[in-house]
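Dumped start-v6.pdb below, it's PDB, N, CA and C atoms:
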ATOM      1  N   MET A   1       0.844  -1.181   0.000  1.00  0.00           N
ATOM      2  CA  MET A   1       0.000   0.000   0.000  1.00  0.00           C
ATOM      3  C   MET A   1       0.889   1.244   0.000  1.00  0.00           C
ATOM      4  N   GLU A   2       0.500   2.213  -0.786  1.00  0.00           N
ATOM      5  CA  GLU A   2       1.198   3.499  -0.844  1.00  0.00           C
ATOM      6  C   GLU A   2       0.218   4.601  -0.456  1.00  0.00           C
ATOM      7  N   ILE A   3       0.676   5.552   0.348  1.00  0.00           N
ATOM      8  CA  ILE A   3      -0.154   6.715   0.628  1.00  0.00           C
ATOM      9  C   ILE A   3       0.552   7.948   0.069  1.00  0.00           C
ATOM     10  N   VAL A   4      -0.253   8.928  -0.324  1.00  0.00           N
ATOM     11  CA  VAL A   4       0.266  10.120  -0.997  1.00  0.00           C
ATOM     12  C   VAL A   4      -0.060  11.353  -0.166  1.00  0.00           C
ATOM     13  N   PHE A   5       0.946  12.203  -0.003  1.00  0.00           N
ATOM     14  CA  PHE A   5       0.777  13.485   0.666  1.00  0.00           C
ATOM     15  C   PHE A   5       0.930  14.602  -0.348  1.00  0.00           C
ATOM     16  N   SER A   6       0.029  15.554  -0.301  1.00  0.00           N
ATOM     17  CA  SER A   6       0.159  16.784  -1.064  1.00  0.00           C
ATOM     18  C   SER A   6       0.947  17.763  -0.198  1.00  0.00           C
ATOM     19  N   VAL A   7       2.051  18.275  -0.728  1.00  0.00           N
ATOM     20  CA  VAL A   7       2.946  19.141   0.034  1.00  0.00           C
ATOM     21  C   VAL A   7       2.968  20.534  -0.591  1.00  0.00           C
ATOM     22  N   ASN A   8       2.784  21.535   0.244  1.00  0.00           N
ATOM     23  CA  ASN A   8       2.858  22.931  -0.190  1.00  0.00           C
ATOM     24  C   ASN A   8       3.933  23.646   0.610  1.00  0.00           C
ATOM     25  N   GLN A   9       4.656  24.543  -0.053  1.00  0.00           N
ATOM     26  CA  GLN A   9       5.642  25.359   0.651  1.00  0.00           C
ATOM     27  C   GLN A   9       4.974  26.651   1.086  1.00  0.00           C
ATOM     28  N   GLU A  10       5.123  26.981   2.346  1.00  0.00           N
ATOM     29  CA  GLU A  10       4.534  28.182   2.919  1.00  0.00           C
ATOM     30  C   GLU A  10       5.399  29.399   2.603  1.00  0.00           C
ATOM     31  N   SER A  11       4.851  30.573   2.768  1.00  0.00           N
ATOM     32  CA  SER A  11       5.577  31.809   2.469  1.00  0.00           C
ATOM     33  C   SER A  11       6.794  31.996   3.375  1.00  0.00           C
ATOM     34  N   ASP A  12       6.775  31.382   4.571  1.00  0.00           N
ATOM     35  CA  ASP A  12       7.907  31.497   5.493  1.00  0.00           C
ATOM     36  C   ASP A  12       9.010  30.484   5.190  1.00  0.00           C
ATOM     37  N   GLY A  13       8.812  29.647   4.165  1.00  0.00           N
ATOM     38  CA  GLY A  13       9.829  28.670   3.773  1.00  0.00           C
ATOM     39  C   GLY A  13       9.552  27.272   4.270  1.00  0.00           C
ATOM     40  N   GLY A  14       8.660  27.114   5.240  1.00  0.00           N
ATOM     41  CA  GLY A  14       8.322  25.793   5.764  1.00  0.00           C
ATOM     42  C   GLY A  14       7.419  25.031   4.803  1.00  0.00           C
ATOM     43  N   PHE A  15       7.138  23.785   5.149  1.00  0.00           N
ATOM     44  CA  PHE A  15       6.317  22.917   4.305  1.00  0.00           C
ATOM     45  C   PHE A  15       5.149  22.365   5.108  1.00  0.00           C
ATOM     46  N   VAL A  16       4.029  22.167   4.416  1.00  0.00           N
ATOM     47  CA  VAL A  16       2.825  21.591   5.008  1.00  0.00           C
ATOM     48  C   VAL A  16       2.434  20.392   4.154  1.00  0.00           C
ATOM     49  N   ALA A  17       2.159  19.249   4.808  1.00  0.00           N
ATOM     50  CA  ALA A  17       1.802  18.029   4.088  1.00  0.00           C
ATOM     51  C   ALA A  17       0.458  17.508   4.573  1.00  0.00           C
ATOM     52  N   GLU A  18      -0.391  17.153   3.616  1.00  0.00           N
ATOM     53  CA  GLU A  18      -1.707  16.599   3.930  1.00  0.00           C
ATOM     54  C   GLU A  18      -1.904  15.315   3.132  1.00  0.00           C
ATOM     55  N   CYS A  19      -2.237  14.239   3.844  1.00  0.00           N
ATOM     56  CA  CYS A  19      -2.475  12.959   3.196  1.00  0.00           C
ATOM     57  C   CYS A  19      -3.781  13.023   2.415  1.00  0.00           C
ATOM     58  N   LEU A  20      -3.787  12.468   1.207  1.00  0.00           N
ATOM     59  CA  LEU A  20      -4.961  12.520   0.351  1.00  0.00           C
ATOM     60  C   LEU A  20      -5.984  11.432   0.667  1.00  0.00           C
ATOM     61  N   SER A  21      -5.587  10.393   1.400  1.00  0.00           N
ATOM     62  CA  SER A  21      -6.488   9.266   1.635  1.00  0.00           C
ATOM     63  C   SER A  21      -6.810   9.006   3.106  1.00  0.00           C
ATOM     64  N   HIS A  22      -6.075   9.647   4.008  1.00  0.00           N
ATOM     65  CA  HIS A  22      -6.295   9.459   5.441  1.00  0.00           C
ATOM     66  C   HIS A  22      -6.215  10.825   6.136  1.00  0.00           C
ATOM     67  N   ASP A  23      -6.708  10.876   7.362  1.00  0.00           N
ATOM     68  CA  ASP A  23      -6.691  12.137   8.119  1.00  0.00           C
ATOM     69  C   ASP A  23      -5.341  12.347   8.794  1.00  0.00           C
ATOM     70  N   ILE A  24      -4.313  12.588   7.975  1.00  0.00           N
ATOM     71  CA  ILE A  24      -2.961  12.815   8.481  1.00  0.00           C
ATOM     72  C   ILE A  24      -2.486  14.159   7.927  1.00  0.00           C
ATOM     73  N   PHE A  25      -1.994  14.999   8.814  1.00  0.00           N
ATOM     74  CA  PHE A  25      -1.560  16.341   8.457  1.00  0.00           C
ATOM     75  C   PHE A  25      -0.339  16.671   9.310  1.00  0.00           C
ATOM     76  N   THR A  26       0.698  17.222   8.700  1.00  0.00           N
ATOM     77  CA  THR A  26       1.877  17.613   9.470  1.00  0.00           C
ATOM     78  C   THR A  26       2.609  18.729   8.736  1.00  0.00           C
ATOM     79  N   GLU A  27       3.610  19.282   9.392  1.00  0.00           N
ATOM     80  CA  GLU A  27       4.407  20.354   8.797  1.00  0.00           C
ATOM     81  C   GLU A  27       5.837  20.266   9.290  1.00  0.00           C
ATOM     82  N   GLY A  28       6.738  20.927   8.550  1.00  0.00           N
ATOM     83  CA  GLY A  28       8.146  20.957   8.924  1.00  0.00           C
ATOM     84  C   GLY A  28       8.792  22.238   8.458  1.00  0.00           C
ATOM     85  N   ASP A  29       9.822  22.656   9.170  1.00  0.00           N
ATOM     86  CA  ASP A  29      10.527  23.891   8.826  1.00  0.00           C
ATOM     87  C   ASP A  29      11.399  23.750   7.586  1.00  0.00           C
ATOM     88  N   SER A  30      11.862  22.531   7.320  1.00  0.00           N
ATOM     89  CA  SER A  30      12.682  22.263   6.135  1.00  0.00           C
ATOM     90  C   SER A  30      12.176  20.982   5.488  1.00  0.00           C
ATOM     91  N   TRP A  31      12.665  20.665   4.299  1.00  0.00           N
ATOM     92  CA  TRP A  31      12.253  19.445   3.605  1.00  0.00           C
ATOM     93  C   TRP A  31      12.634  18.213   4.423  1.00  0.00           C
ATOM     94  N   ASP A  32      13.833  18.225   4.994  1.00  0.00           N
ATOM     95  CA  ASP A  32      14.274  17.082   5.816  1.00  0.00           C
ATOM     96  C   ASP A  32      13.400  16.939   7.058  1.00  0.00           C
ATOM     97  N   ASP A  33      13.054  18.056   7.697  1.00  0.00           N
ATOM     98  CA  ASP A  33      12.154  18.013   8.856  1.00  0.00           C
ATOM     99  C   ASP A  33      10.798  17.454   8.453  1.00  0.00           C
ATOM    100  N   LEU A  34      10.302  17.894   7.315  1.00  0.00           N
ATOM    101  CA  LEU A  34       8.998  17.425   6.859  1.00  0.00           C
ATOM    102  C   LEU A  34       9.015  15.920   6.615  1.00  0.00           C
ATOM    103  N   ARG A  35      10.036  15.429   5.987  1.00  0.00           N
ATOM    104  CA  ARG A  35      10.141  13.992   5.728  1.00  0.00           C
ATOM    105  C   ARG A  35      10.092  13.201   7.023  1.00  0.00           C
ATOM    106  N   ALA A  36      10.846  13.632   8.012  1.00  0.00           N
ATOM    107  CA  ALA A  36      10.850  12.947   9.314  1.00  0.00           C
ATOM    108  C   ALA A  36       9.489  13.068   9.991  1.00  0.00           C
ATOM    109  N   ASP A  37       8.868  14.241   9.916  1.00  0.00           N
ATOM    110  CA  ASP A  37       7.566  14.464  10.549  1.00  0.00           C
ATOM    111  C   ASP A  37       6.472  13.636   9.878  1.00  0.00           C
ATOM    112  N   VAL A  38       6.533  13.490   8.557  1.00  0.00           N
ATOM    113  CA  VAL A  38       5.556  12.664   7.847  1.00  0.00           C
ATOM    114  C   VAL A  38       5.690  11.209   8.289  1.00  0.00           C
ATOM    115  N   GLN A  39       6.911  10.708   8.368  1.00  0.00           N
ATOM    116  CA  GLN A  39       7.103   9.325   8.802  1.00  0.00           C
ATOM    117  C   GLN A  39       6.597   9.112  10.224  1.00  0.00           C
ATOM    118  N   GLU A  40       6.858  10.055  11.094  1.00  0.00           N
ATOM    119  CA  GLU A  40       6.386   9.962  12.475  1.00  0.00           C
ATOM    120  C   GLU A  40       4.857   9.997  12.529  1.00  0.00           C
ATOM    121  N   ALA A  41       4.241  10.878  11.755  1.00  0.00           N
ATOM    122  CA  ALA A  41       2.785  10.985  11.731  1.00  0.00           C
ATOM    123  C   ALA A  41       2.144   9.705  11.180  1.00  0.00           C
ATOM    124  N   VAL A  42       2.727   9.144  10.142  1.00  0.00           N
ATOM    125  CA  VAL A  42       2.203   7.905   9.558  1.00  0.00           C
ATOM    126  C   VAL A  42       2.341   6.758  10.557  1.00  0.00           C
ATOM    127  N   ASN A  43       3.484   6.657  11.211  1.00  0.00           N
ATOM    128  CA  ASN A  43       3.672   5.606  12.211  1.00  0.00           C
ATOM    129  C   ASN A  43       2.663   5.744  13.347  1.00  0.00           C
ATOM    130  N   GLY A  44       2.380   6.962  13.768  1.00  0.00           N
ATOM    131  CA  GLY A  44       1.399   7.186  14.817  1.00  0.00           C
ATOM    132  C   GLY A  44      -0.006   6.839  14.368  1.00  0.00           C
ATOM    133  N   TYR A  45      -0.338   7.196  13.149  1.00  0.00           N
ATOM    134  CA  TYR A  45      -1.682   6.933  12.631  1.00  0.00           C
ATOM    135  C   TYR A  45      -1.936   5.433  12.474  1.00  0.00           C
ATOM    136  N   PHE A  46      -0.931   4.714  12.007  1.00  0.00           N
ATOM    137  CA  PHE A  46      -1.071   3.274  11.759  1.00  0.00           C
ATOM    138  C   PHE A  46      -0.466   2.429  12.877  1.00  0.00           C
ATOM    139  N   TYR A  47      -0.392   2.963  14.094  1.00  0.00           N
ATOM    140  CA  TYR A  47       0.309   2.266  15.171  1.00  0.00           C
ATOM    141  C   TYR A  47      -0.250   0.878  15.461  1.00  0.00           C
ATOM    142  N   ASP A  48      -1.546   0.662  15.279  1.00  0.00           N
ATOM    143  CA  ASP A  48      -2.130  -0.646  15.592  1.00  0.00           C
ATOM    144  C   ASP A  48      -2.686  -1.363  14.364  1.00  0.00           C
ATOM    145  N   SER A  49      -2.263  -0.942  13.179  1.00  0.00           N
ATOM    146  CA  SER A  49      -2.716  -1.595  11.950  1.00  0.00           C
ATOM    147  C   SER A  49      -1.558  -1.688  10.959  1.00  0.00           C
ATOM    148  N   THR A  50      -1.837  -2.256   9.810  1.00  0.00           N
ATOM    149  CA  THR A  50      -0.805  -2.455   8.790  1.00  0.00           C
ATOM    150  C   THR A  50      -0.314  -1.115   8.252  1.00  0.00           C
ATOM    151  N   HIS A  51       0.998  -0.925   8.300  1.00  0.00           N
ATOM    152  CA  HIS A  51       1.613   0.309   7.800  1.00  0.00           C
ATOM    153  C   HIS A  51       1.718   0.260   6.277  1.00  0.00           C
ATOM    154  N   PRO A  52       1.662   1.425   5.633  1.00  0.00           N
ATOM    155  CA  PRO A  52       1.877   1.447   4.177  1.00  0.00           C
ATOM    156  C   PRO A  52       3.320   1.066   3.849  1.00  0.00           C
ATOM    157  N   ASN A  53       3.509   0.532   2.648  1.00  0.00           N
ATOM    158  CA  ASN A  53       4.851   0.165   2.196  1.00  0.00           C
ATOM    159  C   ASN A  53       5.653   1.376   1.754  1.00  0.00           C
ATOM    160  N   ARG A  54       4.933   2.367   1.222  1.00  0.00           N
ATOM    161  CA  ARG A  54       5.597   3.562   0.706  1.00  0.00           C
ATOM    162  C   ARG A  54       4.790   4.801   1.035  1.00  0.00           C
ATOM    163  N   ILE A  55       5.521   5.910   1.151  1.00  0.00           N
ATOM    164  CA  ILE A  55       4.909   7.219   1.338  1.00  0.00           C
ATOM    165  C   ILE A  55       5.401   8.098   0.190  1.00  0.00           C
ATOM    166  N   ARG A  56       4.481   8.669  -0.555  1.00  0.00           N
ATOM    167  CA  ARG A  56       4.841   9.550  -1.669  1.00  0.00           C
ATOM    168  C   ARG A  56       4.554  10.989  -1.253  1.00  0.00           C
ATOM    169  N   LEU A  57       5.554  11.840  -1.410  1.00  0.00           N
ATOM    170  CA  LEU A  57       5.400  13.269  -1.140  1.00  0.00           C
ATOM    171  C   LEU A  57       5.301  13.980  -2.483  1.00  0.00           C
ATOM    172  N   HIS A  58       4.150  14.563  -2.750  1.00  0.00           N
ATOM    173  CA  HIS A  58       3.910  15.256  -4.019  1.00  0.00           C
ATOM    174  C   HIS A  58       3.961  16.757  -3.754  1.00  0.00           C
ATOM    175  N   LEU A  59       5.059  17.387  -4.154  1.00  0.00           N
ATOM    176  CA  LEU A  59       5.252  18.819  -3.942  1.00  0.00           C
ATOM    177  C   LEU A  59       4.454  19.605  -4.967  1.00  0.00           C
ATOM    178  N   VAL A  60       3.540  20.418  -4.476  1.00  0.00           N
ATOM    179  CA  VAL A  60       2.721  21.267  -5.326  1.00  0.00           C
ATOM    180  C   VAL A  60       3.360  22.649  -5.336  1.00  0.00           C
ATOM    181  N   ARG A  61       3.683  23.114  -6.513  1.00  0.00           N
ATOM    182  CA  ARG A  61       4.371  24.400  -6.613  1.00  0.00           C
ATOM    183  C   ARG A  61       3.535  25.359  -7.442  1.00  0.00           C
ATOM    184  N   ASP A  62       3.231  26.466  -6.875  1.00  0.00           N
ATOM    185  CA  ASP A  62       2.481  27.513  -7.545  1.00  0.00           C
ATOM    186  C   ASP A  62       3.443  28.654  -7.866  1.00  0.00           C
ATOM    187  N   GLU A  63       3.477  29.070  -9.110  1.00  0.00           N
ATOM    188  CA  GLU A  63       4.359  30.172  -9.490  1.00  0.00           C
ATOM    189  C   GLU A  63       3.556  31.145 -10.330  1.00  0.00           C
ATOM    190  N   VAL A  64       3.640  32.398  -9.992  1.00  0.00           N
ATOM    191  CA  VAL A  64       2.929  33.448 -10.732  1.00  0.00           C
ATOM    192  C   VAL A  64       3.956  34.284 -11.472  1.00  0.00           C
ATOM    193  N   LEU A  65       3.751  34.427 -12.765  1.00  0.00           N
ATOM    194  CA  LEU A  65       4.654  35.214 -13.592  1.00  0.00           C
ATOM    195  C   LEU A  65       3.952  36.497 -14.025  1.00  0.00           C
ATOM    196  N   ALA A  66       4.704  37.564 -14.052  1.00  0.00           N
ATOM    197  CA  ALA A  66       4.154  38.838 -14.525  1.00  0.00           C
ATOM    198  C   ALA A  66       4.154  38.848 -16.050  1.00  0.00           C
ATOM    199  N   CYS A  67       3.127  39.387 -16.618  1.00  0.00           N
ATOM    200  CA  CYS A  67       3.048  39.511 -18.071  1.00  0.00           C
ATOM    201  C   CYS A  67       3.648  40.845 -18.494  1.00  0.00           C
ATOM    202  N   ALA A  68       4.362  40.830 -19.610  1.00  0.00           N
ATOM    203  CA  ALA A  68       4.988  42.049 -20.109  1.00  0.00           C
ATOM    204  C   ALA A  68       4.032  42.927 -20.855  1.00  0.00           C
TER     205      ALA A  68
END

Just dump the structure as structure tokens.
Amino acid sequence: MEIVFSVNQESDGGFVAECLSHDIFTEGDSWDDLRADVQEAVNGYFYDSTHPNRIRLHLVRDEVLACA
């Protein structure tokens, strides 16, 4: 089983991750922090059931360009 998190970068540089299939939400100050926090949140959520085999972090990037 694989679960997918939608990840957005906040204006302060931190990251916010929300699982698309389960009620799991976490954040981190850096990408490495976020990765560790996601793993911890998933382990906590699935503490008494079968853990997923993989966790996919899907970084959503919004960029606005000015028109000339």

Decode the PyMOL selection byres (((chain A and resi 51-54 and name CA) around 9) and name CA) for the given file into explicit residues and return them as a list of chain:residue names. A:Met1, A:Glu2, A:Ile3, A:Val4, A:Val42, A:Asn43, A:Tyr45, A:Phe46, A:Tyr47, A:Asp48, A:Ser49, A:Thr50, A:Ile55, A:Arg56

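In this model, the gap between atom CA of Ile24 of chain A and atom N of Glu10 of chain A comes to 17.4 Å.
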
Would you mind writing down, as number ranges by chain, each residue of segment 4-68 of chain A that DSSP on the backbone assigns to strand (DSSP E)? A: 4-9, 15-19, 25-28, 54-60

Save the residues we just selected, N, CA and C atoms, as a short mmCIF file (atom, residue, chain, number, x, y, z; two decimals), in the frame of the given file?
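Saved file selection-v4.cif follows:
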data_model
loop_
_atom_site.label_atom_id
_atom_site.label_comp_id
_atom_site.auth_asym_id
_atom_site.auth_seq_id
_atom_site.Cartn_x
_atom_site.Cartn_y
_atom_site.Cartn_z
N VAL A 4 -0.25 8.93 -0.32
CA VAL A 4 0.27 10.12 -1.00
C VAL A 4 -0.06 11.35 -0.17
N PHE A 5 0.95 12.20 0.00
CA PHE A 5 0.78 13.48 0.67
C PHE A 5 0.93 14.60 -0.35
N SER A 6 0.03 15.55 -0.30
CA SER A 6 0.16 16.78 -1.06
C SER A 6 0.95 17.76 -0.20
N VAL A 7 2.05 18.27 -0.73
CA VAL A 7 2.95 19.14 0.03
C VAL A 7 2.97 20.53 -0.59
N ASN A 8 2.78 21.54 0.24
CA ASN A 8 2.86 22.93 -0.19
C ASN A 8 3.93 23.65 0.61
N GLN A 9 4.66 24.54 -0.05
CA GLN A 9 5.64 25.36 0.65
C GLN A 9 4.97 26.65 1.09
N PHE A 15 7.14 23.78 5.15
CA PHE A 15 6.32 22.92 4.30
C PHE A 15 5.15 22.36 5.11
N VAL A 16 4.03 22.17 4.42
CA VAL A 16 2.82 21.59 5.01
C VAL A 16 2.43 20.39 4.15
N ALA A 17 2.16 19.25 4.81
CA ALA A 17 1.80 18.03 4.09
C ALA A 17 0.46 17.51 4.57
N GLU A 18 -0.39 17.15 3.62
CA GLU A 18 -1.71 16.60 3.93
C GLU A 18 -1.90 15.32 3.13
N CYS A 19 -2.24 14.24 3.84
CA CYS A 19 -2.48 12.96 3.20
C CYS A 19 -3.78 13.02 2.42
N PHE A 25 -1.99 15.00 8.81
CA PHE A 25 -1.56 16.34 8.46
C PHE A 25 -0.34 16.67 9.31
N THR A 26 0.70 17.22 8.70
CA THR A 26 1.88 17.61 9.47
C THR A 26 2.61 18.73 8.74
N GLU A 27 3.61 19.28 9.39
CA GLU A 27 4.41 20.35 8.80
C GLU A 27 5.84 20.27 9.29
N GLY A 28 6.74 20.93 8.55
CA GLY A 28 8.15 20.96 8.92
C GLY A 28 8.79 22.24 8.46
N ARG A 54 4.93 2.37 1.22
CA ARG A 54 5.60 3.56 0.71
C ARG A 54 4.79 4.80 1.03
N ILE A 55 5.52 5.91 1.15
CA ILE A 55 4.91 7.22 1.34
C ILE A 55 5.40 8.10 0.19
N ARG A 56 4.48 8.67 -0.56
CA ARG A 56 4.84 9.55 -1.67
C ARG A 56 4.55 10.99 -1.25
N LEU A 57 5.55 11.84 -1.41
CA LEU A 57 5.40 13.27 -1.14
C LEU A 57 5.30 13.98 -2.48
N HIS A 58 4.15 14.56 -2.75
CA HIS A 58 3.91 15.26 -4.02
C HIS A 58 3.96 16.76 -3.75
N LEU A 59 5.06 17.39 -4.15
CA LEU A 59 5.25 18.82 -3.94
C LEU A 59 4.45 19.60 -4.97
N VAL A 60 3.54 20.42 -4.48
CA VAL A 60 2.72 21.27 -5.33
C VAL A 60 3.36 22.65 -5.34
#

Picked residues, the PyMOL selection byres ((chain A and resi 58-62) around 7), as a ChimeraX atom specification: /A:4-9,56-57,63-64

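The interatomic distance for the pair atom N of Ser11 of chain A and atom C of Ala68 of chain A works out to 26.7 Å.
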
Work out how far apart atom CA of Ala66 of chain A and atom CA of Phe15 of chain A are and give it in Å to one decimal.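 It comes out at 24.8 Å.
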
Taking the DSSP assignment computed from this structure's backbone, write out as a ChimeraX atom specification all residues of chain A that belong to alpha helix (DSSP H). /A:31-45

Could you write out as number ranges by chain the residues that the PyMOL selection byres ((chain A and resi 28-36) around 6.5) matches in the shown file? A: 13-17, 26-27, 37-41
